[in-house]
>>> print(open('upload.txt').read())   # compact mmCIF, C-alpha atoms
# COMPACT_ATOMS: atom_id res chain seq x y z
CA MET A 25 128.10 134.82 134.42
CA ARG A 26 129.77 131.96 136.26
CA LYS A 27 130.73 130.21 133.05
CA PHE A 28 132.05 133.46 131.57
CA VAL A 29 134.43 133.92 134.50
CA PHE A 30 135.62 130.34 134.11
CA VAL A 31 136.13 130.76 130.36
CA ALA A 32 138.03 134.02 130.83
CA LEU A 33 140.38 132.44 133.36
CA ALA A 34 140.90 129.32 131.30
CA LEU A 35 141.74 131.15 128.09
CA LEU A 36 144.07 133.74 129.60
CA VAL A 37 147.34 131.83 129.21
CA ALA A 38 146.61 130.79 125.63
CA ILE A 39 145.34 134.23 124.62
CA SER A 40 148.51 135.88 125.88
CA THR A 41 150.57 133.70 123.55
CA VAL A 42 148.53 133.00 120.42
CA GLN A 43 145.53 134.30 118.56
CA CYS A 44 143.90 135.37 115.41
CA ASP A 45 144.79 136.71 111.95
CA ASP A 46 142.44 136.64 108.95
CA SER A 47 141.21 133.28 110.24
CA SER A 48 140.44 134.81 113.64
CA GLU A 49 136.74 135.05 112.86
CA GLU A 50 136.65 131.29 112.36
CA VAL A 51 138.41 130.80 115.69
CA LEU A 52 136.15 133.22 117.56
CA GLU A 53 133.04 131.54 116.18
CA HIS A 54 133.67 128.67 118.58
CA ILE A 55 133.72 130.97 121.63
CA LYS A 56 130.13 131.10 122.81
CA SER A 57 130.50 133.70 125.55
CA ARG A 58 129.45 136.96 123.91
CA HIS A 59 131.26 138.92 126.62
CA LEU A 60 134.57 137.16 126.01
CA LYS A 61 134.11 137.29 122.25
CA LYS A 62 133.52 141.05 122.45
CA TYR A 63 136.66 141.45 124.55
CA LEU A 64 138.77 139.43 122.10
CA HIS A 65 137.46 141.44 119.16
CA GLY A 66 138.63 144.56 120.99
CA GLN A 67 142.09 143.01 121.29
CA ARG A 68 142.33 142.02 117.63
CA GLU A 69 145.42 144.12 116.90
CA HIS A 70 147.41 142.48 119.70
CA LEU A 71 145.99 139.05 118.97
CA ASP A 72 146.75 139.26 115.26
CA ASP A 73 150.32 140.28 116.01
CA GLY A 74 150.75 137.40 118.45
CA LEU A 75 149.57 134.76 116.00
CA GLU A 76 151.53 136.26 113.11
CA LYS A 77 154.75 135.92 115.10
CA LEU A 78 153.90 132.40 116.22
CA GLU A 79 152.94 131.34 112.70
CA LYS A 80 156.46 132.18 111.50
CA HIS A 81 157.94 129.77 114.03
CA CYS A 82 155.15 127.23 113.87
CA PRO A 83 153.46 126.97 110.45
CA GLY A 84 149.90 125.69 110.56
CA VAL A 85 149.20 126.88 114.09
CA SER A 86 146.06 128.75 112.98
CA GLU A 87 144.33 125.54 111.94
CA LYS A 88 145.41 123.76 115.11
CA LEU A 89 144.13 126.66 117.18
CA LYS A 90 140.68 126.48 115.57
CA VAL A 91 140.42 122.80 116.51
CA ALA A 92 141.69 123.49 120.04
CA VAL A 93 139.20 126.31 120.63
CA LYS A 94 136.38 124.04 119.47
CA GLU A 95 137.50 121.31 121.88
CA PHE A 96 137.77 123.87 124.66
CA SER A 97 134.24 125.13 123.98
CA GLU A 98 132.86 121.58 124.03
CA CYS A 99 134.52 121.00 127.40
CA ASP A 100 133.23 124.33 128.69
CA ASP A 101 129.69 123.33 127.71
CA LYS A 102 129.98 120.40 130.11
CA VAL A 103 130.73 122.59 133.13
CA ASP A 104 128.15 121.88 135.81
CA ASP A 105 126.18 125.10 136.32
CA SER A 106 125.38 124.10 139.88
CA LEU A 107 129.05 124.50 140.86
CA THR A 108 130.46 127.65 142.40
CA ILE A 109 133.16 129.49 140.48
CA CYS A 110 135.80 128.07 142.81
CA GLU A 111 134.52 124.52 142.32
CA ALA A 112 134.40 124.94 138.53
CA ILE A 113 137.95 126.27 138.37
CA HIS A 114 139.20 123.35 140.45
CA ALA A 115 137.27 120.70 138.53
CA TYR A 116 137.55 121.82 134.91
CA THR A 117 140.30 124.35 134.19
CA ILE A 118 143.27 122.03 133.68
CA ASN A 119 141.36 119.53 131.52
CA CYS A 120 139.47 122.09 129.45
CA THR A 121 142.53 124.18 128.63
CA ALA A 122 144.68 121.16 127.73
CA PRO A 123 144.00 121.39 123.94
CA LEU A 124 144.84 125.11 123.87
CA LEU A 125 147.98 124.70 125.94
CA LYS A 126 149.15 121.83 123.75
CA VAL A 127 149.00 124.07 120.65
CA VAL A 128 151.23 126.60 122.38
CA ASN A 129 153.52 123.99 123.93
CA ASP A 130 154.14 122.21 120.62
CA CYS A 131 155.34 125.48 119.09
CA LEU A 132 157.92 126.18 121.78
CA PRO A 133 161.61 125.23 121.65
CA GLU A 134 162.35 121.89 123.30
CA LYS A 135 163.90 123.50 126.39
CA ALA A 136 160.80 125.60 127.00
CA ARG A 137 158.26 122.78 126.74
CA GLY A 138 155.96 122.72 129.74
CA LEU A 139 155.86 126.49 130.30
CA PRO A 140 152.19 126.86 129.23
CA ASN A 141 151.09 124.13 131.65
CA LEU A 142 153.20 125.66 134.40
CA GLY A 143 151.57 129.03 133.78
CA MET A 144 148.07 127.57 133.92
CA LYS A 145 148.85 125.61 137.09
CA SER A 146 150.12 128.84 138.63
CA MET A 147 146.87 130.64 137.76
CA VAL A 148 144.77 127.80 139.18
CA SER A 149 146.91 127.78 142.32
CA VAL A 150 146.27 131.50 142.85
CA ALA A 151 142.54 131.08 142.21
CA GLU A 152 142.28 128.19 144.66
CA HIS A 153 144.25 130.18 147.23
CA LEU A 154 141.87 133.14 146.92
CA CYS A 155 138.88 130.81 147.18
CA LYS A 156 140.06 129.83 150.66
CA GLN A 157 140.62 133.38 151.90
CA SER A 158 138.31 135.65 153.86
CA GLY A 159 136.71 138.66 152.23
CA GLU A 160 138.98 140.91 154.28
CA SER A 161 142.13 139.27 152.93
CA ILE A 162 140.92 139.62 149.34
CA PHE A 163 140.05 143.29 149.84
CA GLU A 164 143.54 143.88 151.23
CA LEU A 165 144.97 143.03 147.81
CA VAL A 166 143.66 146.36 146.52
CA ASN A 167 144.97 148.31 149.50
CA PRO A 168 146.56 151.47 148.03
CA CYS A 169 149.71 150.95 150.09
CA LEU A 170 150.60 147.99 147.86
CA TRP A 171 150.34 149.88 144.60
CA GLU A 172 151.21 153.51 145.24
CA ASP A 173 154.76 154.77 144.70
CA LEU A 174 156.99 154.91 147.75
CA GLU A 175 157.17 158.36 149.32
CA GLU A 176 160.96 158.15 149.58
CA ALA A 177 163.58 156.59 147.34
CA ASN A 178 164.94 153.25 148.49
CA THR A 179 168.10 151.68 147.11
CA GLU A 180 166.92 148.13 147.79
CA MET A 181 163.69 148.67 145.88
CA ASP A 182 165.55 150.38 143.05
CA ALA A 183 167.73 147.27 142.81
CA CYS A 184 164.61 145.07 142.75
CA GLU A 185 163.06 147.09 139.94
CA GLU A 186 166.24 146.82 137.90
CA LYS A 187 166.30 143.08 138.55
CA VAL A 188 162.75 142.68 137.26
CA LYS A 189 163.50 144.76 134.15
CA ALA A 190 166.64 142.74 133.46
CA LEU A 191 164.76 139.44 133.75
CA GLY A 192 162.03 140.71 131.46
CA GLN A 193 164.56 141.69 128.82
CA LYS A 194 166.51 138.46 129.22
CA TYR A 195 163.50 136.22 128.76
CA LYS A 196 162.12 138.34 125.94
CA GLU A 197 165.28 137.58 123.97
CA ASN A 198 165.73 133.98 125.15
CA ILE A 199 162.73 132.00 126.35
CA PRO A 200 163.58 130.27 129.66
CA THR A 201 163.23 126.69 130.78
CA GLN A 202 160.72 125.90 133.52
CA SER A 203 163.54 125.64 136.06
CA GLU A 204 165.07 128.96 135.04
CA LEU A 205 161.74 130.77 135.23
CA CYS A 206 160.85 129.25 138.59
CA SER A 207 164.24 130.10 140.03
CA SER A 208 164.05 133.71 138.85
CA ILE A 209 160.51 134.31 140.06
CA THR A 210 161.06 132.62 143.43
CA ASP A 211 164.08 134.87 144.01
CA LEU A 212 161.78 137.89 143.72
CA ARG A 213 159.94 136.99 146.93
CA THR A 214 162.40 139.04 148.96
CA CYS A 215 161.59 142.06 146.80
CA ILE A 216 157.84 141.58 147.25
CA GLN A 217 158.25 141.21 151.00
CA LYS A 218 160.50 144.26 151.26
CA ARG A 219 158.08 146.38 149.21
CA ALA A 220 155.11 145.36 151.36
CA THR A 221 157.04 145.98 154.57
CA LEU A 222 158.13 149.46 153.49
CA SER A 223 154.71 150.65 152.36
CA CYS A 224 152.11 148.73 154.40
CA LYS A 225 151.93 149.00 158.17
CA ASN A 226 149.38 146.24 158.72
CA GLN A 227 150.58 142.63 158.81
CA LYS A 228 147.30 141.40 157.30
CA THR A 229 148.00 143.40 154.15
CA ARG A 230 151.54 142.08 153.89
CA ASN A 231 150.35 138.52 154.43
CA ALA A 232 147.69 138.93 151.74
CA ILE A 233 150.10 139.86 148.95
CA LEU A 234 152.73 137.32 150.01
CA GLY A 235 150.06 134.62 150.10
CA VAL A 236 149.18 135.31 146.47
CA PHE A 237 152.85 135.30 145.48
CA ASP A 238 153.48 132.00 147.26
CA ALA A 239 150.43 130.47 145.59
CA ALA A 240 151.66 131.63 142.17
CA VAL A 241 155.05 129.93 142.59
CA ALA A 242 153.68 126.83 144.36
CA PRO A 243 153.71 124.71 141.14
CA CYS A 244 157.46 125.25 141.00
CA SER A 245 157.89 123.15 144.15
CA HIS A 246 156.57 120.10 142.30
CA LEU A 247 158.99 120.82 139.48
CA ASN A 248 161.92 121.01 141.89
CA ALA A 249 160.82 117.79 143.56
CA VAL A 250 161.06 115.83 140.30
>>> encode(input="upload.txt", output="structure tokens")
Amino acid sequence: MRKFVFVALALLVAISTVQCDDSSEEVLEHIKSRHLKKYLHGQREHLDDGLEKLEKHCPGVSEKLKVAVKEFSECDDKVDDSLTICEAIHAYTINCTAPLLKVVNDCLPEKARGLPNLGMKSMVSVAEHLCKQSGESIFELVNPCLWEDLEEANTEMDACEEKVKALGQKYKENIPTQSELCSSITDLRTCIQKRATLSCKNQKTRNAILGVFDAAVAPCSHLNAV
């Protein structure tokens, strides 16, 4: 179970960008977790579409992906089963996902190079943040006040929602650079804070969601420091 959680986390960024067409069976053969393999089979329609689009921009990516998945699986086999999930994520995620992320990165336009690694570092940052939190703080992330609709309309939140939609459309049409993405996401912190303040009365709940957001954008600080 521990290794399955690690595998699922490690593959998430690559899966969201590339996957399998008629050669998908060959790719999935290298994934040893039956749970993850079953999940990916259930997502075949989305995965096929993702790889088909990528193949048009990056011919030969299917073959590269098969090699990368094999390398990932070999790295995953070396994960020390005596480690906790948190320790395994910290010790292995970046190295084990490197072959998969390279396949994606090499297919991106020059200005967007580095986005896959940035995304994975963001995920690891969030995971490591959660590993340091108390059980209470983690439970607060599913507090209904964070996810239910506001009881009353709010012009500031309406503006935030429009901002998010506009960014989504903008980056769907033109893939951003690392700096552009970091700048846009960091600017959304005010929206997250405002939303939590309006709907959640307890400071612990507000701190919990802001802590996750700050962890997600933490890798951007290293980018800005370069």
>>> closest_residue(input="upload.txt", among="A:Met147, A:Val93, A:Leu78, A:Val241", to="A:Ile113", atoms="only C-alpha atoms")
A:Met147
>>> residues_around(input="upload.txt", residues="A:Asn231", least_positions_apart="4", cutoff="12 Å", atoms="only C-alpha atoms", output="list in words")
Gln157, Glu160, Ser161, Ile162, Glu164, Leu165, Leu170, Ile216, Gln217, Ala220, Thr221, Cys224, Lys225, Asn226, Gln227, Gly235, Val236, Phe237, Asp238 and Ala239 of chain A
>>> residues_around(input="upload.txt", residues="stretch 181-185 of chain A", least_positions_apart="5", cutoff="12 Å", atoms="all atoms listed in the file", output="list in words")
Asp173, Leu174, Glu176, Ala190, Leu191, Gly192, Ile209, Asp211, Leu212, Arg213, Thr214, Cys215, Ile216, Gln217, Lys218, Arg219, Ala220, Thr221, Leu222 and Ser223 of chain A
>>> atom_distance(input="upload.txt", atom1="atom CA of A:Asn119", atom2="atom CA of A:Cys82")
23.7 Å
>>> closest_residue(input="upload.txt", among="A:Ala151, A:Leu124, A:Leu247, A:Val91", to="A:Gln202", atoms="all atoms listed in the file")
A:Leu247
>>> closest_residue(input="upload.txt", among="A:Leu107, A:Ala115, A:Ala177, A:Val127", to="A:Ala92", atoms="all atoms listed in the file")
A:Val127
>>> closest_residue(input="upload.txt", among="A:Lys90, A:Leu154, A:Val103, A:Leu125", to="A:Arg137", atoms="only C-alpha atoms")
A:Leu125
>>> closest_residue(input="upload.txt", among="A:Met144, A:Cys206, A:Ala240, A:Ala232", to="A:Gly159", atoms="only C-alpha atoms")
A:Ala232
>>> atom_distance(input="upload.txt", atom1="atom CA of A:Ala136", atom2="atom CA of A:Tyr195")
11.1 Å
>>> atom_distance(input="upload.txt", atom1="atom CA of A:Cys99", atom2="atom CA of A:Leu139")
22.2 Å
>>> residues_around(input="upload.txt", residues="A:Glu111", least_positions_apart="6", cutoff="10 Å", atoms="only C-alpha atoms", output="number ranges by chain")
A: 104, 117, 152, 155
>>> write_last_selection(input="upload.txt", atoms="C-alpha atoms", output="mmCIF file, in the coordinates of the input")
data_model
loop_
_atom_site.group_PDB
_atom_site.id
_atom_site.type_symbol
_atom_site.label_atom_id
_atom_site.label_comp_id
_atom_site.auth_asym_id
_atom_site.auth_seq_id
_atom_site.Cartn_x
_atom_site.Cartn_y
_atom_site.Cartn_z
ATOM 1 C CA ASP A 104 128.150 121.880 135.810
ATOM 2 C CA THR A 117 140.300 124.350 134.190
ATOM 3 C CA GLU A 152 142.280 128.190 144.660
ATOM 4 C CA CYS A 155 138.880 130.810 147.180
#
>>> closest_residue(input="upload.txt", among="A:Leu142, A:Ala112, A:Cys131, A:Ala122", to="A:Lys80", atoms="only C-alpha atoms")
A:Cys131
>>> decode(input="upload.txt", residues="stretch 146-178 of chain A", atoms="C-alpha atoms", output="PDB file, in the first residue's frame")
ATOM      1  CA  SER A 146       5.282  21.804  -5.922  1.00  0.00           C
ATOM      2  CA  MET A 147       3.588  18.459  -5.245  1.00  0.00           C
ATOM      3  CA  VAL A 148       6.507  17.254  -3.122  1.00  0.00           C
ATOM      4  CA  SER A 149       6.494  20.547  -1.224  1.00  0.00           C
ATOM      5  CA  VAL A 150       2.801  20.114  -0.382  1.00  0.00           C
ATOM      6  CA  ALA A 151       3.340  16.485   0.646  1.00  0.00           C
ATOM      7  CA  GLU A 152       6.257  17.390   2.897  1.00  0.00           C
ATOM      8  CA  HIS A 153       4.233  20.232   4.408  1.00  0.00           C
ATOM      9  CA  LEU A 154       1.349  17.876   5.227  1.00  0.00           C
ATOM     10  CA  CYS A 155       3.776  15.361   6.714  1.00  0.00           C
ATOM     11  CA  LYS A 156       4.759  17.965   9.308  1.00  0.00           C
ATOM     12  CA  GLN A 157       1.201  18.914  10.269  1.00  0.00           C
ATOM     13  CA  SER A 158      -0.967  17.630  13.091  1.00  0.00           C
ATOM     14  CA  GLY A 159      -3.939  15.403  12.386  1.00  0.00           C
ATOM     15  CA  GLU A 160      -6.242  18.279  13.301  1.00  0.00           C
ATOM     16  CA  SER A 161      -4.722  20.570  10.670  1.00  0.00           C
ATOM     17  CA  ILE A 162      -5.070  17.909   7.981  1.00  0.00           C
ATOM     18  CA  PHE A 163      -8.703  17.250   8.888  1.00  0.00           C
ATOM     19  CA  GLU A 164      -9.401  20.982   8.644  1.00  0.00           C
ATOM     20  CA  LEU A 165      -8.626  20.805   4.919  1.00  0.00           C
ATOM     21  CA  VAL A 166     -11.930  18.979   4.410  1.00  0.00           C
ATOM     22  CA  ASN A 167     -13.884  21.401   6.570  1.00  0.00           C
ATOM     23  CA  PRO A 168     -17.120  22.115   4.628  1.00  0.00           C
ATOM     24  CA  CYS A 169     -16.679  25.860   5.100  1.00  0.00           C
ATOM     25  CA  LEU A 170     -13.774  25.769   2.638  1.00  0.00           C
ATOM     26  CA  TRP A 171     -15.689  24.064  -0.141  1.00  0.00           C
ATOM     27  CA  GLU A 172     -19.340  25.033   0.137  1.00  0.00           C
ATOM     28  CA  ASP A 173     -20.715  27.959  -1.857  1.00  0.00           C
ATOM     29  CA  LEU A 174     -20.907  31.292  -0.073  1.00  0.00           C
ATOM     30  CA  GLU A 175     -24.336  32.051   1.337  1.00  0.00           C
ATOM     31  CA  GLU A 176     -24.251  35.577  -0.076  1.00  0.00           C
ATOM     32  CA  ALA A 177     -22.808  36.996  -3.274  1.00  0.00           C
ATOM     33  CA  ASN A 178     -19.497  38.812  -2.905  1.00  0.00           C
TER      34      ASN A 178
END
